[in-house]
Each structure stands twice: as C-alpha cells, then as structure tokens.
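Asker: Structure incoming, see below.
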Amino acid sequence: DNAYFPYGNDTHGTSVAGIVAGQHNNGVGGAGVAPNVILNVLRIFRRTYPDGSFSPTQVASTAQIADAINQAWSWMQSDVINNSWGGGAPATAITNAIGSALSSGRSGKGSVVVFAAGNPSARSLGLIGAVVYPASLSSSRNVVSVSAISRFGTPTDYAPNGTIDVVAPSGMFTNACVGEIVTVDRYGASGCNDGPGGAIDFTSTFSGTSAAAPQVSGVAALLDR
C-alpha cells in the first residue's frame, strides 16, 4: 500500500467521486453532476487489510490533512475542493490550509471549498448535534457547509443544527449500504452490490452529508470560471 497504489477496500471515496463525475448516457449506474471534470484525489482516511475485515479506519495526522488541502489547491490546482469528511477538534494547521485555499487557490481568485456538515444527529430519537468542524468554519469564513435533506425536503435523521449554507438530497437514514443515492461502488463483488438492476459495481444506498456535499461541489464545478 502506498500513495500511488493504495489498498482499495473502502468504498466511501469512490462513491463520492461518482456523484461528482459519473458518466452520462452509458446505460449503467447514475449520472454525475459534472461528468467532464478532472478529479484530483487525496486520501486522508483508509482501512487496512485484510479486505473485508472491517478493520478500524486509519486517520491522517493534523499536519498531513493540512498538507493534503494545500496540495489540492496549490500543486494540483483544484478549482473546487470537496470534503466529505469532518469531526474532531478544530486544528490551527487545517484552518490555515483552508484559509490559503480560499484566498490563493484558483490562480488567486480562491478555490471553492465545500465541507459536509456531518451526521451527528439522531432526530428520530430526539438527539440533534451541531455542525462539525471544519464545516463549522462557514460561520466565519467562506467555507460552504452542506447538510442533507430527504426526498421530501425535510431534514434527514442525522442532519445537524448550526450554520448551513446549502442542502442537497440524501437518504433519510445513513449507515453502510443504507441510503437513497445512486453512485459508483467498489469494483467487483466487494461493496454494497445493490446498484440499479442489481449492478454490483454501483450502489443505490449511499447517504449522509458525504453524499450531499459532492452534489454541491459538482454544481460549483459547472459554474467555475
């Protein structure tokens, strides 16, 4: 396992990418919001082998996450930076990297930085959590904080309270293979294997604010100049 040949035993990033850039008019899966974009991928979470072991997720250090954000806007020159992740205590290095992206990305015009607001609530049980960091920075910076609504326009069960800039549809509930968004799944037999018509390389059950954020990032990419 290394940066150029990573283990492929975690579906999350693949499903996020499919929402942004899934091909159109090919008769399989779902259509991405912005199918002609170039995706620059930086991974800050991973699961270890053996495949299917449900091993704990490994998380990059604060410095490594900040470095990934700086890589995205500087070396990779990403116009839009989607972040389907969040949680943990605020960190100066990460906040500063986000600030650099907002001010210096996109050739000095500032990259669009989108963050999932998090899934801290269980509204059906009367539990409502707050928007997680770094999405919480939207109250003081130009970070786009994205929460999720159901197909009926109501807050999802896991949607947080706090500063929300925009919402996008996702499943009412969230968990592994629980949801309503169609996107790319892990290739082959691994993964949810519940795509349209039973297609095993796609899923029909992606969810969470992780699924809402890339819809917003895709729209930003379509608008980008």
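Ordered as shown in the structure tokens, chains take letters A, B, and onward, while each chain numbers its residues from 1 and ligands are numbered from 1 in the order shown.
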Counting only C-alpha atoms, which residues in segment 60-137 of chain A sit no more than 10 Å from segment 44-47 of chain A? For each one, give the nearest pair of atoms and the distance in Å, sorted by chain then residue number, as JSON lines.
Answerer:
```
{"residue": "A:Ala60", "atom": "CA", "partner": "A:Ile44", "partner_atom": "CA", "distance": 5.1}
{"residue": "A:Ser61", "atom": "CA", "partner": "A:Ile44", "partner_atom": "CA", "distance": 8.4}
{"residue": "A:Thr62", "atom": "CA", "partner": "A:Ile44", "partner_atom": "CA", "distance": 9.8}
{"residue": "A:Gln64", "atom": "CA", "partner": "A:Ile44", "partner_atom": "CA", "distance": 7.7}
{"residue": "A:Ile65", "atom": "CA", "partner": "A:Ile44", "partner_atom": "CA", "distance": 6.4}
{"residue": "A:Ala66", "atom": "CA", "partner": "A:Ile44", "partner_atom": "CA", "distance": 10.0}
{"residue": "A:Ala68", "atom": "CA", "partner": "A:Ile44", "partner_atom": "CA", "distance": 7.7}
{"residue": "A:Trp85", "atom": "CA", "partner": "A:Phe45", "partner_atom": "CA", "distance": 9.2}
```
Asker: What parts of chain A does DSSP call strand (DSSP E or B)? I'd like the answer as an mmCIF file with N, CA and C atoms, in the first residue's frame.
Answerer:
```
data_model
loop_
_atom_site.group_PDB
_atom_site.id
_atom_site.type_symbol
_atom_site.label_atom_id
_atom_site.label_comp_id
_atom_site.auth_asym_id
_atom_site.auth_seq_id
_atom_site.Cartn_x
_atom_site.Cartn_y
_atom_site.Cartn_z
ATOM 1 N N PHE A 45 -8.158 9.130 4.960
ATOM 2 C CA PHE A 45 -8.657 8.006 5.762
ATOM 3 C C PHE A 45 -8.454 6.724 4.965
ATOM 4 N N ARG A 46 -8.226 5.618 5.649
ATOM 5 C CA ARG A 46 -8.156 4.337 4.957
ATOM 6 C C ARG A 46 -8.443 3.210 5.936
ATOM 7 N N ARG A 47 -8.861 2.093 5.359
ATOM 8 C CA ARG A 47 -8.965 0.859 6.125
ATOM 9 C C ARG A 47 -7.798 -0.039 5.735
ATOM 10 N N THR A 57 -10.671 2.459 10.885
ATOM 11 C CA THR A 57 -10.216 3.451 9.914
ATOM 12 C C THR A 57 -8.987 4.159 10.448
ATOM 13 N N GLN A 58 -7.948 4.224 9.630
ATOM 14 C CA GLN A 58 -6.756 4.987 9.977
ATOM 15 C C GLN A 58 -6.942 6.425 9.511
ATOM 16 N N VAL A 59 -6.580 7.372 10.344
ATOM 17 C CA VAL A 59 -6.777 8.787 10.048
ATOM 18 C C VAL A 59 -5.427 9.475 9.971
ATOM 19 N N VAL A 80 -12.222 23.474 -7.234
ATOM 20 C CA VAL A 80 -13.214 23.136 -6.219
ATOM 21 C C VAL A 80 -12.649 22.006 -5.371
ATOM 22 N N ILE A 81 -12.726 22.146 -4.060
ATOM 23 C CA ILE A 81 -12.210 21.121 -3.159
ATOM 24 C C ILE A 81 -13.379 20.561 -2.361
ATOM 25 N N ASN A 82 -13.785 19.339 -2.695
ATOM 26 C CA ASN A 82 -14.861 18.680 -1.950
ATOM 27 C C ASN A 82 -14.288 17.931 -0.755
ATOM 28 N N ASN A 83 -14.935 18.095 0.384
ATOM 29 C CA ASN A 83 -14.507 17.430 1.617
ATOM 30 C C ASN A 83 -15.691 16.706 2.221
ATOM 31 N N VAL A 112 -13.105 27.081 -4.388
ATOM 32 C CA VAL A 112 -14.364 26.835 -3.695
ATOM 33 C C VAL A 112 -14.129 25.641 -2.773
ATOM 34 N N VAL A 113 -14.342 25.817 -1.483
ATOM 35 C CA VAL A 113 -14.079 24.770 -0.501
ATOM 36 C C VAL A 113 -15.411 24.329 0.113
ATOM 37 N N VAL A 114 -15.782 23.072 -0.152
ATOM 38 C CA VAL A 114 -17.062 22.531 0.268
ATOM 39 C C VAL A 114 -16.827 21.476 1.343
ATOM 40 N N PHE A 115 -17.580 21.554 2.441
ATOM 41 C CA PHE A 115 -17.465 20.581 3.524
ATOM 42 C C PHE A 115 -18.823 19.989 3.871
ATOM 43 N N ALA A 116 -18.851 18.674 4.066
ATOM 44 C CA ALA A 116 -20.028 18.023 4.628
ATOM 45 C C ALA A 116 -20.216 18.497 6.062
ATOM 46 N N ALA A 122 -29.506 12.107 15.682
ATOM 47 C CA ALA A 122 -30.467 11.012 15.545
ATOM 48 C C ALA A 122 -31.812 11.630 15.902
ATOM 49 N N LEU A 127 -32.261 13.430 19.386
ATOM 50 C CA LEU A 127 -30.877 13.866 19.545
ATOM 51 C C LEU A 127 -30.458 14.691 18.336
ATOM 52 N N ALA A 130 -24.467 19.344 16.611
ATOM 53 C CA ALA A 130 -24.041 20.573 15.935
ATOM 54 C C ALA A 130 -23.242 20.254 14.680
ATOM 55 N N VAL A 144 -18.154 26.463 2.300
ATOM 56 C CA VAL A 144 -19.539 26.104 2.006
ATOM 57 C C VAL A 144 -19.904 24.880 2.842
ATOM 58 N N SER A 145 -20.819 25.056 3.777
ATOM 59 C CA SER A 145 -21.256 23.986 4.666
ATOM 60 C C SER A 145 -22.521 23.349 4.086
ATOM 61 N N VAL A 146 -22.491 22.020 3.897
ATOM 62 C CA VAL A 146 -23.582 21.323 3.209
ATOM 63 C C VAL A 146 -24.219 20.297 4.133
ATOM 64 N N SER A 147 -25.531 20.415 4.321
ATOM 65 C CA SER A 147 -26.288 19.413 5.052
ATOM 66 C C SER A 147 -27.176 18.648 4.080
ATOM 67 N N ALA A 148 -27.982 17.733 4.610
ATOM 68 C CA ALA A 148 -28.758 16.822 3.775
ATOM 69 C C ALA A 148 -30.241 16.921 4.088
ATOM 70 N N ILE A 149 -31.049 16.810 3.032
ATOM 71 C CA ILE A 149 -32.489 16.722 3.182
ATOM 72 C C ILE A 149 -32.969 15.425 2.544
ATOM 73 N N PRO A 155 -35.445 17.732 6.884
ATOM 74 C CA PRO A 155 -34.107 17.382 7.374
ATOM 75 C C PRO A 155 -33.983 15.868 7.546
ATOM 76 N N ASN A 161 -27.640 20.811 13.465
ATOM 77 C CA ASN A 161 -28.037 22.201 13.599
ATOM 78 C C ASN A 161 -26.789 23.071 13.559
ATOM 79 N N VAL A 166 -26.130 25.447 2.387
ATOM 80 C CA VAL A 166 -26.968 24.851 1.351
ATOM 81 C C VAL A 166 -27.210 23.388 1.718
ATOM 82 N N VAL A 167 -28.300 22.825 1.203
ATOM 83 C CA VAL A 167 -28.592 21.411 1.426
ATOM 84 C C VAL A 167 -28.729 20.714 0.079
ATOM 85 N N ALA A 168 -28.577 19.390 0.114
ATOM 86 C CA ALA A 168 -28.771 18.558 -1.071
ATOM 87 C C ALA A 168 -29.415 17.257 -0.622
ATOM 88 N N PRO A 169 -30.112 16.567 -1.525
ATOM 89 C CA PRO A 169 -30.820 15.341 -1.126
ATOM 90 C C PRO A 169 -29.891 14.181 -0.820
ATOM 91 N N ASN A 175 -25.927 4.764 7.027
ATOM 92 C CA ASN A 175 -25.078 3.716 7.554
ATOM 93 C C ASN A 175 -24.483 3.032 6.338
ATOM 94 N N VAL A 178 -26.936 1.933 3.465
ATOM 95 C CA VAL A 178 -28.252 2.452 3.858
ATOM 96 C C VAL A 178 -28.376 3.859 3.290
ATOM 97 N N ILE A 181 -28.997 7.384 -2.548
ATOM 98 C CA ILE A 181 -28.251 7.998 -3.640
ATOM 99 C C ILE A 181 -27.587 6.913 -4.487
ATOM 100 N N VAL A 182 -27.759 7.006 -5.803
ATOM 101 C CA VAL A 182 -27.137 6.068 -6.744
ATOM 102 C C VAL A 182 -25.772 6.607 -7.155
ATOM 103 N N THR A 183 -24.752 5.780 -7.060
ATOM 104 C CA THR A 183 -23.409 6.201 -7.446
ATOM 105 C C THR A 183 -22.535 4.967 -7.674
ATOM 106 N N VAL A 184 -21.248 5.204 -7.868
ATOM 107 C CA VAL A 184 -20.299 4.131 -8.126
ATOM 108 C C VAL A 184 -19.978 3.391 -6.827
ATOM 109 N N ASP A 194 -25.584 -3.227 -4.747
ATOM 110 C CA ASP A 194 -27.027 -3.012 -4.841
ATOM 111 C C ASP A 194 -27.360 -1.873 -5.797
ATOM 112 N N PHE A 202 -22.092 -0.693 -8.765
ATOM 113 C CA PHE A 202 -22.778 0.538 -8.385
ATOM 114 C C PHE A 202 -23.564 0.282 -7.103
ATOM 115 N N THR A 203 -23.994 1.368 -6.476
ATOM 116 C CA THR A 203 -24.824 1.244 -5.289
ATOM 117 C C THR A 203 -25.999 2.193 -5.400
ATOM 118 N N SER A 204 -27.101 1.825 -4.805
ATOM 119 C CA SER A 204 -28.281 2.690 -4.728
ATOM 120 C C SER A 204 -28.531 3.160 -3.302
ATOM 121 N N THR A 205 -27.535 2.971 -2.420
ATOM 122 C CA THR A 205 -27.762 3.209 -0.994
ATOM 123 C C THR A 205 -26.686 4.072 -0.343
ATOM 124 N N PHE A 206 -26.101 4.997 -1.093
ATOM 125 C CA PHE A 206 -25.152 5.922 -0.476
ATOM 126 C C PHE A 206 -25.942 7.025 0.218
#
```
Asker: Could you check how far atom CA of Gly29 of chain A sits from atom CA of Ala17 of chain A, in Å to one decimal?
Answerer: 13.0 Å
Asker: Within 10 Å of Gln71 of chain A, counting only C-alpha atoms, which residues qualify if same-chain residues fewer than 5 places away don't, as a PyMOL selection string?
Answerer: chain A and resi 40+42+65-66+76-78+97+101
Asker: Where in chain A does DSSP assign alpha helix (DSSP H), given as a PyMOL selection string?
Answerer: chain A and resi 12-21+62-70+92-104+209-223
Asker: Out of A:Asn119, A:Ser124, A:Thr209, A:Ser74, which residue has the shortest atom-to-atom distance to Arg106 of chain A when counting only C-alpha atoms?
Answerer: A:Ser74
Asker: With only C-alpha atoms as the atoms that count, which of A:Val132, A:Leu125, A:Gly198, A:Val216 lies nearest to Asp165 of chain A?
Answerer: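 Using only C-alpha atoms, Asp165 of chain A sits closest to A:Val216.
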Asker: Could you name the residues that touch Asn96 of chain A at 10 Å or less, counting only C-alpha atoms, but leaving out those on the same chain fewer than 6 positions away, as a tab-separated table (two decimals) with C-alpha atoms, in the first residue's frame?
Answerer:
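Saved result, part-v3.tsv, follows:
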```tsv
chain	number	residue	atom	x	y	z
A	66	ALA	CA	-3.39	20.29	6.22
A	69	ILE	CA	-5.56	20.58	1.48
A	70	ASN	CA	-2.54	22.63	0.45
A	102	LEU	CA	-9.89	30.23	-0.07
```
Asker: Between A:Ala211, A:Ile164, A:Cys192, A:Val37, single out the one closest to Cys177 of chain A, counting only C-alpha atoms.
Answerer: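 The shortest atom-to-atom distance to Cys177 of chain A comes from A:Cys192.
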Asker: Between atom CA of Val143 of chain A and atom CA of Gly99 of chain A, what is the distance, to one decimal in Å?
Answerer: 8.9 Å
Asker: Grab the atom CA of Gly118 of chain A to atom CA of Gln23 of chain A distance for me, in Å with one decimal place.
Answerer: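 If I compute the distance from atom CA of Gly118 of chain A to atom CA of Gln23 of chain A, I get 27.1 Å.
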